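Dropping coords_39.txt in here (compact mmCIF, C-alpha atoms):
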# COMPACT_ATOMS: atom_id res chain seq x y z
CA MET A 14 -22.52 33.12 40.99
CA MET A 15 -24.20 31.96 44.17
CA ASP A 16 -22.32 32.21 47.44
CA GLU A 17 -21.67 29.11 49.51
CA GLU A 18 -23.86 30.14 52.44
CA LEU A 19 -27.01 30.55 50.37
CA ARG A 20 -26.21 27.34 48.60
CA SER A 21 -25.89 25.23 51.74
CA GLU A 22 -29.04 26.88 53.11
CA LEU A 23 -30.94 25.97 49.94
CA SER A 24 -29.67 22.39 50.00
CA ARG A 25 -30.84 22.09 53.61
CA GLN A 26 -34.29 23.12 52.42
CA GLY A 27 -34.18 20.46 49.72
CA VAL A 28 -33.28 22.69 46.75
CA VAL A 29 -30.26 21.47 44.80
CA THR A 30 -28.37 24.14 42.91
CA THR A 31 -25.46 23.57 40.56
CA THR A 32 -23.37 25.22 37.90
CA LEU A 33 -22.67 24.10 34.35
CA GLU A 34 -19.07 23.45 35.34
CA GLU A 35 -20.02 21.22 38.27
CA LEU A 36 -22.53 19.30 36.19
CA TYR A 37 -19.96 18.80 33.44
CA ASN A 38 -17.28 17.61 35.84
CA TRP A 39 -19.74 15.41 37.72
CA GLY A 40 -20.57 13.63 34.50
CA ARG A 41 -16.93 13.31 33.50
CA LYS A 42 -15.59 12.03 36.78
CA ASN A 43 -18.23 9.34 37.13
CA SER A 44 -17.77 7.83 33.69
CA ILE A 45 -14.03 7.33 33.29
CA TRP A 46 -13.42 4.56 30.77
CA PRO A 47 -9.98 2.98 31.21
CA LEU A 48 -7.92 1.54 28.39
CA GLN A 49 -7.78 -2.25 28.54
CA PHE A 50 -4.06 -2.41 28.65
CA GLY A 51 -1.75 -4.28 31.01
CA LEU A 52 2.01 -4.57 30.96
CA ALA A 53 3.04 -6.87 33.80
CA CYS A 54 1.96 -8.27 37.16
CA CYS A 55 0.25 -4.99 38.18
CA ALA A 56 -2.26 -5.75 35.44
CA ILE A 57 -3.42 -8.78 37.45
CA GLU A 58 -4.27 -6.44 40.32
CA MET A 59 -6.02 -4.15 37.83
CA ILE A 60 -8.07 -7.12 36.62
CA ALA A 61 -8.91 -8.03 40.22
CA THR A 62 -10.06 -4.44 40.76
CA SER A 63 -12.51 -4.76 37.91
CA MET A 64 -14.00 -7.97 39.32
CA ALA A 65 -16.85 -8.38 41.80
CA ARG A 66 -14.88 -8.27 45.07
CA PHE A 67 -13.32 -4.85 44.54
CA ASP A 68 -15.86 -3.70 41.95
CA ILE A 69 -14.48 -0.68 40.14
CA ALA A 70 -17.98 -0.33 38.67
CA ARG A 71 -18.94 1.55 41.83
CA PHE A 72 -16.99 4.48 40.38
CA GLY A 73 -18.37 4.20 36.86
CA ALA A 74 -14.99 3.04 35.58
CA GLU A 75 -15.72 -0.58 34.73
CA VAL A 76 -15.96 -0.08 30.97
CA PHE A 77 -12.46 -1.17 29.95
CA ARG A 78 -12.11 -0.30 26.27
CA PRO A 79 -9.83 -2.32 23.99
CA SER A 80 -9.38 0.66 21.66
CA PRO A 81 -7.60 3.87 22.62
CA ARG A 82 -10.19 5.79 20.58
CA GLN A 83 -12.83 5.10 23.21
CA ALA A 84 -10.78 5.39 26.40
CA ASP A 85 -10.37 8.30 28.84
CA LEU A 86 -7.87 6.83 31.25
CA MET A 87 -4.64 4.98 30.67
CA ILE A 88 -3.63 2.81 33.62
CA VAL A 89 0.05 2.10 33.05
CA ALA A 90 -0.03 -1.18 34.97
CA GLY A 91 3.43 -2.68 35.13
CA THR A 92 7.01 -2.55 33.97
CA VAL A 93 7.57 -0.27 30.99
CA THR A 94 10.42 -1.68 28.93
CA LYS A 95 12.20 0.58 26.51
CA LYS A 96 10.81 -1.52 23.70
CA MET A 97 7.27 -0.84 24.89
CA ALA A 98 7.61 2.87 25.73
CA PRO A 99 7.11 4.21 22.15
CA GLN A 100 3.97 2.10 21.81
CA ILE A 101 2.60 3.48 25.09
CA VAL A 102 3.20 7.06 23.99
CA ARG A 103 1.54 6.34 20.64
CA LEU A 104 -1.47 4.76 22.34
CA TYR A 105 -1.67 7.76 24.64
CA ASN A 106 -1.58 10.07 21.62
CA GLN A 107 -4.40 8.12 20.02
CA MET A 108 -6.71 8.55 22.98
CA PRO A 109 -9.23 11.37 22.61
CA GLU A 110 -9.20 14.36 24.93
CA PRO A 111 -9.85 14.62 27.84
CA LYS A 112 -7.38 11.89 28.83
CA TYR A 113 -5.73 10.98 32.09
CA VAL A 114 -2.95 8.66 33.19
CA ILE A 115 -2.50 6.60 36.35
CA ALA A 116 1.01 5.18 36.75
CA MET A 117 0.45 1.99 38.74
CA GLY A 118 3.22 0.34 40.70
CA ALA A 119 6.88 0.90 41.41
CA CYS A 120 7.96 0.03 37.85
CA ALA A 121 5.62 2.45 36.12
CA ILE A 122 6.53 5.35 38.40
CA SER A 123 10.28 4.82 38.66
CA GLY A 124 11.50 1.58 37.09
CA GLY A 125 11.08 -0.24 40.40
CA PRO A 126 13.39 -3.19 41.00
CA PHE A 127 14.66 -2.85 37.42
CA LYS A 128 15.71 0.78 37.81
CA GLU A 129 19.41 -0.03 37.42
CA GLY A 130 18.76 -2.29 34.44
CA TYR A 131 19.53 -1.44 30.84
CA ASN A 132 16.16 -2.17 29.28
CA VAL A 133 13.52 -0.68 31.58
CA LEU A 134 12.23 2.86 31.42
CA LYS A 135 12.74 4.64 34.73
CA GLY A 136 9.19 5.93 34.99
CA ILE A 137 6.58 6.58 32.31
CA ASP A 138 6.32 10.22 33.40
CA ARG A 139 9.42 10.85 31.31
CA TYR A 140 7.22 10.75 28.20
CA ILE A 141 3.57 11.30 29.12
CA PRO A 142 1.95 13.47 31.79
CA VAL A 143 0.95 11.29 34.75
CA ASP A 144 -1.96 12.45 36.91
CA VAL A 145 -1.75 9.94 39.76
CA HIS A 146 1.22 7.83 40.87
CA ILE A 147 0.59 4.68 42.94
CA PRO A 148 3.54 3.11 44.77
CA GLY A 149 3.56 -0.59 45.58
CA CYS A 150 4.90 -3.79 44.11
CA PRO A 151 2.24 -4.50 43.04
CA PRO A 152 -0.24 -2.08 44.63
CA ARG A 153 -3.34 -3.73 46.04
CA PRO A 154 -6.68 -3.15 44.29
CA GLU A 155 -7.65 -0.76 47.09
CA ALA A 156 -4.68 1.38 46.11
CA LEU A 157 -5.90 1.53 42.52
CA LEU A 158 -9.36 2.51 43.74
CA GLN A 159 -7.76 5.20 45.89
CA ALA A 160 -5.92 6.47 42.82
CA LEU A 161 -9.17 6.53 40.87
CA MET A 162 -10.82 8.55 43.62
CA THR A 163 -7.87 10.94 43.65
CA LEU A 164 -8.27 11.34 39.89
CA GLN A 165 -11.99 12.00 40.34
CA GLU A 166 -11.16 14.76 42.83
CA LYS A 167 -8.71 16.21 40.33
CA ILE A 168 -11.31 16.19 37.56
CA ASP A 169 -13.79 17.81 39.91
CA ARG A 170 -11.40 20.71 40.51
CA GLN A 171 -10.86 21.49 36.82
CA HIS A 172 -12.51 24.56 35.32
CA LEU A 173 -14.29 25.16 32.05
CA THR A 174 -12.54 28.44 31.24
CA GLY A 175 -9.61 30.52 32.38
CA GLU A 176 -6.76 29.45 34.63
CA GLY A 177 -6.83 25.83 35.83
CA ARG A 178 -9.06 24.61 33.01
CA ALA A 179 -8.78 21.06 31.76
CA ARG A 180 -6.23 20.55 28.99
CA HIS A 181 -8.78 19.57 26.36
CA LEU A 182 -10.47 22.96 26.78
CA ASP A 183 -7.22 24.84 26.16
CA ALA A 184 -6.50 25.46 22.48
CA ASP A 185 -2.79 26.03 23.15
CA ALA A 186 -2.20 22.82 25.12
CA PRO A 187 -0.59 20.03 23.10
CA GLY A 188 -2.72 17.16 21.81
CA GLU A 189 0.13 14.79 20.95
CA TRP A 190 3.39 14.03 22.67
CA PRO A 191 6.61 13.24 20.81
CA ILE A 192 7.13 9.49 20.40
CA PRO A 193 10.67 8.34 21.34
CA GLU A 194 12.69 6.22 18.95
CA PHE A 195 15.42 3.64 19.43
CA GLY A 196 18.87 5.19 19.41
CA LYS A 197 22.23 3.49 19.59
CA HIS A 198 22.19 3.01 23.36
CA ASP A 199 18.90 4.37 24.67
CA LEU A 200 15.61 5.82 23.58
CA GLU A 201 15.97 9.10 21.71
CA PRO A 202 15.28 11.41 23.43
CA PRO A 203 15.79 9.74 26.85
CA SER A 204 12.96 11.88 28.21
CA ASN A 205 10.58 14.64 27.14
CA PRO A 206 12.24 17.77 28.58
CA ALA A 207 8.91 19.64 28.52
CA LEU A 208 7.46 17.08 30.93
CA TRP A 209 10.34 15.59 32.87
CA GLN A 210 12.12 18.14 35.02
CA PRO A 211 13.62 16.32 37.98
CA PRO A 212 14.94 18.43 40.84
CA PRO A 213 18.73 18.71 40.79
CA MET A 214 20.43 16.11 43.00
CA THR A 215 22.58 17.57 45.74
CA ARG A 216 24.81 15.70 48.11
CA ALA A 217 23.87 16.09 51.77
CA GLU A 218 26.33 18.14 53.82
CA MET B 26 -58.31 9.49 1.55
CA ASN B 27 -58.19 11.17 4.93
CA VAL B 28 -55.17 13.53 4.96
CA GLY B 29 -55.64 14.45 8.62
CA SER B 30 -54.67 11.00 9.92
CA TYR B 31 -51.37 11.15 8.00
CA PHE B 32 -50.57 14.56 9.46
CA PHE B 33 -49.74 12.97 12.81
CA LEU B 34 -47.42 10.53 11.12
CA ALA B 35 -45.50 13.42 9.53
CA LEU B 36 -45.42 15.24 12.86
CA PHE B 37 -44.10 12.11 14.52
CA ALA B 38 -41.35 11.74 11.90
CA VAL B 39 -40.28 15.37 12.30
CA ALA B 40 -40.26 15.07 16.09
CA GLY B 41 -38.17 11.88 15.81
CA VAL B 42 -35.58 13.56 13.59
CA VAL B 43 -35.37 16.58 15.91
CA PHE B 44 -35.04 14.28 18.92
CA ALA B 45 -32.16 12.45 17.25
CA LEU B 46 -30.35 15.55 15.97
CA THR B 47 -30.64 17.76 19.05
CA PRO B 48 -27.98 15.95 21.17
CA LEU B 49 -25.62 15.92 18.17
CA ALA B 50 -26.16 19.63 17.62
CA LEU B 51 -25.64 20.35 21.32
CA ALA B 52 -22.42 18.33 21.32
CA TRP B 53 -21.25 20.22 18.24
CA LEU B 54 -22.04 23.57 19.83
CA TRP B 55 -20.29 22.51 23.04
CA ALA B 56 -17.18 21.52 21.10
CA ARG B 57 -17.21 24.84 19.23
CA ALA B 58 -17.64 26.88 22.40
CA PHE B 59 -15.33 25.02 24.77
CA SER B 60 -13.13 22.24 23.48
CA PRO B 61 -10.92 22.87 20.44
CA ARG B 62 -9.91 20.10 18.05
CA LYS B 63 -6.64 18.37 18.86
CA SER B 64 -5.66 16.14 15.99
CA GLY B 65 -2.28 14.89 14.90
CA PRO B 66 -0.54 12.24 12.83
CA SER B 67 -0.72 9.44 15.38
CA LYS B 68 -4.26 10.30 16.46
CA ASN B 69 -5.39 10.17 12.82
CA ALA B 70 -3.55 6.91 12.11
CA ASN B 71 -5.70 4.01 10.97
CA TYR B 72 -3.98 1.34 13.02
CA GLU B 73 -4.61 1.61 16.75
CA CYS B 74 -2.51 -1.05 18.45
CA GLY B 75 0.42 1.16 19.37
CA LEU B 76 2.60 0.05 16.46
CA ASP B 77 3.22 1.95 13.27
CA SER B 78 1.67 0.29 10.25
CA GLN B 79 4.38 -1.10 8.00
CA ALA B 80 2.72 -0.63 4.60
CA THR B 81 -0.60 0.29 3.05
CA GLY B 82 -3.54 -2.07 2.90
CA TRP B 83 -3.68 -1.71 -0.89
CA VAL B 84 -1.64 -4.78 -1.79
CA GLN B 85 -2.42 -7.08 -4.73
CA PHE B 86 -3.39 -10.68 -4.19
CA GLN B 87 -2.68 -13.20 -6.93
CA SER B 88 -5.81 -14.41 -8.65
CA GLU B 89 -4.70 -17.98 -7.86
CA TYR B 90 -5.86 -17.27 -4.34
CA TYR B 91 -9.37 -18.35 -5.39
CA LEU B 92 -8.09 -21.96 -5.54
CA TYR B 93 -7.42 -21.81 -1.82
CA GLY B 94 -11.00 -20.72 -1.35
CA ILE B 95 -12.23 -23.72 -3.32
CA VAL B 96 -10.05 -26.19 -1.42
CA PHE B 97 -11.28 -24.79 1.85
CA LEU B 98 -14.89 -25.03 0.71
CA ILE B 99 -14.51 -28.68 -0.29
CA PHE B 100 -12.97 -29.75 3.02
CA ASP B 101 -15.40 -27.59 4.97
CA VAL B 102 -18.53 -29.03 3.35
CA GLU B 103 -17.12 -32.53 3.60
CA THR B 104 -16.51 -32.22 7.36
CA VAL B 105 -19.93 -30.76 8.02
CA PHE B 106 -21.71 -33.65 6.28
CA LEU B 107 -19.36 -36.50 7.20
CA LEU B 108 -19.87 -36.19 10.96
CA PRO B 109 -23.68 -36.68 10.94
CA PHE B 110 -23.22 -39.35 8.28
CA ALA B 111 -20.86 -41.27 10.56
CA ALA B 112 -23.15 -40.79 13.58
CA ALA B 113 -26.22 -42.10 11.75
CA PHE B 114 -24.38 -44.72 9.71
CA LYS B 115 -25.89 -47.80 11.39
CA GLY B 116 -29.48 -46.66 10.97
CA LEU B 117 -29.19 -45.63 7.31
CA SER B 118 -30.96 -47.44 4.49
CA ALA B 119 -28.98 -48.64 1.46
CA GLY B 120 -30.44 -45.84 -0.70
CA ALA B 121 -29.42 -43.10 1.73
CA CYS B 122 -25.94 -44.62 2.02
CA ALA B 123 -25.58 -44.66 -1.77
CA ALA B 124 -26.75 -41.03 -1.99
CA MET B 125 -24.15 -40.02 0.58
CA LEU B 126 -21.41 -41.90 -1.26
CA VAL B 127 -22.35 -40.13 -4.49
CA PHE B 128 -22.14 -36.82 -2.66
CA ILE B 129 -18.67 -37.65 -1.31
CA LEU B 130 -17.65 -38.78 -4.77
CA LEU B 131 -18.62 -35.36 -6.15
CA LEU B 132 -16.38 -33.66 -3.59
CA VAL B 133 -13.53 -36.11 -4.17
CA GLU B 134 -13.83 -35.29 -7.85
CA GLY B 135 -13.03 -31.67 -6.96
CA LEU B 136 -9.95 -32.77 -5.03
CA VAL B 137 -8.81 -34.94 -7.92
CA TRP B 138 -9.24 -31.97 -10.25
CA LEU B 139 -7.07 -29.85 -7.93
CA CYS B 140 -4.40 -32.58 -7.75
CA VAL B 141 -4.30 -32.83 -11.54
CA LYS B 142 -3.95 -29.04 -11.78
CA GLY B 143 -1.01 -29.28 -9.37
CA VAL B 144 -2.45 -26.91 -6.75
CA VAL B 145 -1.84 -29.26 -3.84
CA ALA B 146 1.86 -29.49 -4.73
CA GLN B 147 4.09 -27.36 -2.53
CA ARG B 148 4.70 -23.92 -4.03
CA ARG B 149 4.31 -20.32 -3.17
CA LEU B 150 0.86 -19.06 -4.08
CA VAL B 151 0.22 -15.82 -2.26

Just give me the structure as structure tokens.
Amino acid sequence: MMDEELRSELSRQGVVTTTLEELYNWGRKNSIWPLQFGLACCAIEMIATSMARFDIARFGAEVFRPSPRQADLMIVAGTVTKKMAPQIVRLYNQMPEPKYVIAMGACAISGGPFKEGYNVLKGIDRYIPVDVHIPGCPPRPEALLQALMTLQEKIDRQHLTGEGRARHLDADAPGEWPIPEFGKHDLEPPSNPALWQPPPMTRAE
Amino acid sequence: MNVGSYFFLALFAVAGVVFALTPLALAWLWARAFSPRKSGPSKNANYECGLDSQATGWVQFQSEYYLYGIVFLIFDVETVFLLPFAAAFKGLSAGACAAMLVFILLLVEGLVWLCVKGVVAQRRLV
């Protein structure tokens, strides 16, 4: 392993050095293919992001795939109703590793204005692991680009081996998440306890 | 026959195969060394629209379905030829007009045959 000082000195002299891990992550983070999948009004902002003005192609993420088999990133863009949640988890399961999730907008991260309703899931992170949350109702395209850049930074920090490696490189990490089913009053289970561990609510003194 | 000139062709073929297989082999080695397989029931499912498939694709169609195909073919061919016939109607000679009418008559004959067989009557076919 080369130390940072020698490395910056070499790069000043015009010699680029890299590691296999950096090269691998550089390739991965600059070719994220999102799933072409919109749920509500946030999807309109997602579409605007992919058009010429905001131009998500600058980040190599313009290839929206209509099939989960070819996608790396699921942008949960909009309100997740309880009827839709099992389908989202199944689509997520069908995506190949490595896969990432951006929860876009107030509805996708918490239920938003429908949080007290009976039919809207109070955040998709109850069932699938979310990498980046974007608040907003709906978030502007710049916010989605910011989330994509945050995701790129996250991918860049992942390792090939050992602690902190990406999930697809870990044989023990799960590949599929349990799909909820309709119960009598709510989805069964109401959340995935392995993923969703909210801090206990305490009343202020 | 000069064997030497074919040698380069063989070399080229071998180089082409190696060029095509090397990335696949590298990807396979990478997967073996670093990323383990993660398959499961929903990842291996055929249908990929988020919904569970309701039944298998191996259902039987009644053989009467071929009549639908014939009806479609008759109307399809008729439409394709009727439009240019109507567009060029004023400029057509009497012979061409008669030929076209014979052609339509042949197709109408098919429809009459279907009507006599009772296919056009309302009933469940498929």

Proximity of chain B to chain A: per-residue shortest pair, 6 Å limit, all atoms listed in the file, as CSV:
residue,atom,partner,partner_atom,distance
B:Phe59,CA,A:Leu182,CA,5.6
B:Ser60,CA,A:Leu182,CA,4.3
B:Pro61,CA,A:Ala184,CA,5.5
B:Lys63,CA,A:Gly188,CA,5.1
B:Lys68,CA,A:Gln107,CA,4.2
B:Gly75,CA,A:Gln100,CA,4.4
B:Leu76,CA,A:Gln100,CA,5.9

Once you have the residues from the selection above, write them out as a short mmCIF file (atom, residue, chain, number, x, y, z; two decimals), in the frame of the given file, restricted to C-alpha atoms.
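Okay, this is what ended up in out-v4.cif:
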data_model
loop_
_atom_site.label_atom_id
_atom_site.label_comp_id
_atom_site.auth_asym_id
_atom_site.auth_seq_id
_atom_site.Cartn_x
_atom_site.Cartn_y
_atom_site.Cartn_z
CA PHE B 59 -15.33 25.02 24.77
CA SER B 60 -13.13 22.24 23.48
CA PRO B 61 -10.92 22.87 20.44
CA LYS B 63 -6.64 18.37 18.86
CA LYS B 68 -4.26 10.30 16.46
CA GLY B 75 0.42 1.16 19.37
CA LEU B 76 2.60 0.05 16.46
#

Report task. Can you work out the spacing between atom CA of A:Leu36 and atom CA of A:Ile147 in Å, to one decimal? Result ->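 So the answer is 28.2 Å.
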
Query raised in the report: What does the distance between atom CA of A:Arg178 and atom CA of A:Lys135 come to in Å, to one decimal place?
Result: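 We find that atom CA of A:Arg178 and atom CA of A:Lys135 lie 29.6 Å from each other.
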
Report task. Could you check how far atom CA of A:Glu194 sits from atom CA of A:Lys96, in Å to one decimal? Result -> 9.3 Å

If you count all atoms listed in the file, which residues fall within 12 Å of B:Met125, apart from same-chain ones fewer than 2 positions away, as a PDB file with C-alpha atoms, keeping the file's coordinate frame?
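part_26.pdb, freshly written:
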ATOM      1  CA  GLU B 103     -17.120 -32.530   3.600  1.00  0.00           C
ATOM      2  CA  PHE B 106     -21.710 -33.650   6.280  1.00  0.00           C
ATOM      3  CA  LEU B 107     -19.360 -36.500   7.200  1.00  0.00           C
ATOM      4  CA  LEU B 108     -19.870 -36.190  10.960  1.00  0.00           C
ATOM      5  CA  PRO B 109     -23.680 -36.680  10.940  1.00  0.00           C
ATOM      6  CA  PHE B 110     -23.220 -39.350   8.280  1.00  0.00           C
ATOM      7  CA  ALA B 111     -20.860 -41.270  10.560  1.00  0.00           C
ATOM      8  CA  ALA B 113     -26.220 -42.100  11.750  1.00  0.00           C
ATOM      9  CA  PHE B 114     -24.380 -44.720   9.710  1.00  0.00           C
ATOM     10  CA  LEU B 117     -29.190 -45.630   7.310  1.00  0.00           C
ATOM     11  CA  SER B 118     -30.960 -47.440   4.490  1.00  0.00           C
ATOM     12  CA  ALA B 119     -28.980 -48.640   1.460  1.00  0.00           C
ATOM     13  CA  GLY B 120     -30.440 -45.840  -0.700  1.00  0.00           C
ATOM     14  CA  ALA B 121     -29.420 -43.100   1.730  1.00  0.00           C
ATOM     15  CA  CYS B 122     -25.940 -44.620   2.020  1.00  0.00           C
ATOM     16  CA  ALA B 123     -25.580 -44.660  -1.770  1.00  0.00           C
ATOM     17  CA  VAL B 127     -22.350 -40.130  -4.490  1.00  0.00           C
ATOM     18  CA  PHE B 128     -22.140 -36.820  -2.660  1.00  0.00           C
ATOM     19  CA  ILE B 129     -18.670 -37.650  -1.310  1.00  0.00           C
ATOM     20  CA  LEU B 130     -17.650 -38.780  -4.770  1.00  0.00           C
ATOM     21  CA  LEU B 131     -18.620 -35.360  -6.150  1.00  0.00           C
ATOM     22  CA  LEU B 132     -16.380 -33.660  -3.590  1.00  0.00           C
TER      23      LEU B 132
END
